[in-house]
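**Q** A single structure is presented below for examination.
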Amino acid sequence: MPGTGGPWLGARARRTVIDMTTALVTGASRGIGAHAARRLAAQGVTVLAGARTPAATSFPEENIHPIALDVTDDASVAAAVKEVETTYGGLDVLVNNAGITGPEVAPADATADGVREAYETNVFGPVRVTHAFLPLLRAAEHPRLVLVSSQLGSLSSMDAGRWENYPYLAYPSSKSALNMIGLMYAKTLPDVLVTIVNPGFTATEFNDHRGSQTLDEGTDALVAAVLDTEGPSGRSTSRNGLIPW
Ligand SMILES: NC(=O)c1ccc[n+]([C@@H]2O[C@H](COP(=O)([O-])OP(=O)(O)OC[C@H]3O[C@@H](n4cnc5c(N)ncnc54)[C@H](OP(=O)(O)O)[C@@H]3O)[C@@H](O)[C@H]2O)c1
């Protein structure tokens, strides 16, 4: 009798919830996304590693599958949805991780085009990808949506002095927008567990490897959010606890 456990169940049915999890991570060609993919795969998660150039993205792990995905491109995202549906049969967790800094110039010198560049990837990208994958995601038993933000997007934290470490406009404001997007998804999608994660300053190409945290530290919150099926939804988390909006 399916669903009640017991020795008559097939191998797949006996696997744990996490073993049966399929997670898509955008921007998984390198940095935090690639490292999180490896950690999740080690936990038994089937990871679809979104990459702009999947041919150049390879993992030795047999449960990590590169998939073409440019978050700024409607056609690329639509093709990825089709591939996930037909090849992998569903999606339990969507991780919007791809991100760029955009121009690092003083606010007085910030132009609309420069700010738009950051927003295309950091704001419109997650909206595009989430909108396209939501139907597939909501068909899962425990749908989770993870948005990779930054403490530089925390209004209260920046107001309290953090702004001095990063006195630019495009990136911090894009992550503030992403926080609100995550909050609104959480408020309006009761069937989806939404978590906003803040990696912390982590050594990747993003910051010319100046970050003070290791990749393990920088992926703790992301990995925890993917594996969490309890919630509550709508939290802004870090490896050290909640982050104020
Ligand atoms: N590192 C930190 O200290 C830190 C701190 C807080 C938050 N974060 C956030 O963590 C996330 C990952 O950062 P990271 O440090 O791992 O950066 P990273 O090493 O620069 O990697 C960025 C990833 O995003 C991908 N990407 C960029 N534009 C894309 C697009 N249009 N479509 C699909 N993928 C795209 C890149 O792919 P390509 O290889 O194709 O360029 C790469 O895989 C970002 O959202 C960032 O804002 C990072």
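Identifiers for the structure tokens are assigned positionally: chains receive A, B, ... in sequence, residues are indexed from 1 per chain, and ligands are indexed from 1 in the order shown.
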Using only C-alpha atoms and all ligand atoms, find each protein or nucleic acid residue lying at most 8 Å from ligand 1; present the set as JSON, numbers by chain.

**A** {"A": [26, 27, 28, 29, 30, 31, 32, 33, 34, 50, 51, 52, 53, 69, 70, 71, 72, 73, 96, 97, 98, 99, 100, 101, 120, 121, 122, 125, 148, 149, 150, 151, 152, 171, 175, 198, 199, 200, 201, 202, 203, 204, 205, 206, 207, 211, 213, 218]}

**Q** Just want the 9 Å neighbourhood of Arg38 of chain A, counted on only C-alpha atoms, with same-chain residues fewer than 3 positions away dropped. Output as a compact mmCIF listing (two decimals) with C-alpha atoms, in the first residue's frame.

**A**
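Final file, around.txt:
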```txt
# COMPACT_ATOMS: atom_id res chain seq x y z
CA GLY A 33 26.28 28.30 -5.90
CA ALA A 34 28.80 25.64 -6.96
CA HIS A 35 29.90 24.95 -3.39
CA ALA A 41 24.70 16.55 -3.40
CA ALA A 42 26.72 15.06 -0.54
CA GLN A 43 23.49 15.07 1.50
CA VAL A 47 21.09 19.16 -7.76
CA PHE A 59 30.99 18.24 -11.40
CA GLU A 61 29.27 14.10 -8.41
CA ILE A 64 24.77 17.18 -9.89
```

**Q** Give me the residues within 12 Å of Val81 of chain A as a PDB file with C-alpha atoms, in the first residue's frame, counting only C-alpha atoms and dropping any in the same chain fewer than 4 places off.

**A**
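Result file is out-v6.pdb:
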```
ATOM      1  CA  LEU A  24      17.752  23.871  -8.803  1.00  0.00           C
ATOM      2  CA  LEU A  48      20.399  20.897 -11.035  1.00  0.00           C
ATOM      3  CA  GLY A  50      22.068  26.334 -13.392  1.00  0.00           C
ATOM      4  CA  ILE A  67      21.550  22.852 -16.852  1.00  0.00           C
ATOM      5  CA  ALA A  68      21.612  25.882 -19.159  1.00  0.00           C
ATOM      6  CA  LEU A  69      20.090  28.861 -17.391  1.00  0.00           C
ATOM      7  CA  VAL A  71      18.386  34.341 -15.394  1.00  0.00           C
ATOM      8  CA  ASP A  74      13.151  34.532 -20.929  1.00  0.00           C
ATOM      9  CA  ALA A  75      13.870  31.866 -23.568  1.00  0.00           C
ATOM     10  CA  SER A  76      16.667  30.336 -21.519  1.00  0.00           C
ATOM     11  CA  VAL A  77      14.457  30.164 -18.423  1.00  0.00           C
ATOM     12  CA  GLU A  85       9.947  18.886 -16.126  1.00  0.00           C
ATOM     13  CA  THR A  86      10.740  16.363 -18.838  1.00  0.00           C
ATOM     14  CA  THR A  87      14.128  15.097 -17.663  1.00  0.00           C
ATOM     15  CA  TYR A  88      13.820  15.313 -13.874  1.00  0.00           C
ATOM     16  CA  GLY A  89      10.049  15.081 -13.418  1.00  0.00           C
ATOM     17  CA  GLY A  90       9.655  17.891 -10.915  1.00  0.00           C
ATOM     18  CA  LEU A  91      11.291  20.370  -8.584  1.00  0.00           C
ATOM     19  CA  LEU A  94      14.363  26.608  -6.251  1.00  0.00           C
ATOM     20  CA  ARG A 128      11.590  35.727 -13.931  1.00  0.00           C
ATOM     21  CA  VAL A 129      12.908  32.368 -12.713  1.00  0.00           C
ATOM     22  CA  THR A 130      10.467  32.089  -9.810  1.00  0.00           C
ATOM     23  CA  HIS A 131       7.464  32.981 -11.956  1.00  0.00           C
ATOM     24  CA  ALA A 132       8.451  30.397 -14.554  1.00  0.00           C
ATOM     25  CA  PHE A 133       9.170  27.570 -12.080  1.00  0.00           C
ATOM     26  CA  LEU A 134       6.340  28.189  -9.601  1.00  0.00           C
ATOM     27  CA  PRO A 135       3.801  25.789 -11.158  1.00  0.00           C
ATOM     28  CA  LEU A 136       6.357  22.966 -11.114  1.00  0.00           C
ATOM     29  CA  LEU A 137       7.514  23.914  -7.626  1.00  0.00           C
TER      30      LEU A 137
END
```

**Q** Within chain A, find each residue whose DSSP state, derived from the backbone, is alpha helix (DSSP H), and express the selection as number ranges by chain.

**A** A: 11-14, 31-42, 74-83, 112-119, 125-138, 155-159, 170-188, 215-227

**Q** Which value, in Å to one decimal, gives the distance between atom CA of Ile181 of chain A and atom CA of Leu242 of chain A?

**A** 17.4 Å

**Q** Of the candidates A:Ser156, A:Lys187, A:Val146, A:Arg162, which shows the shortest atom-to-atom distance to Thr237 of chain A, using only C-alpha atoms?

**A**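 With only C-alpha atoms as the atom set, the closest residue is A:Val146.
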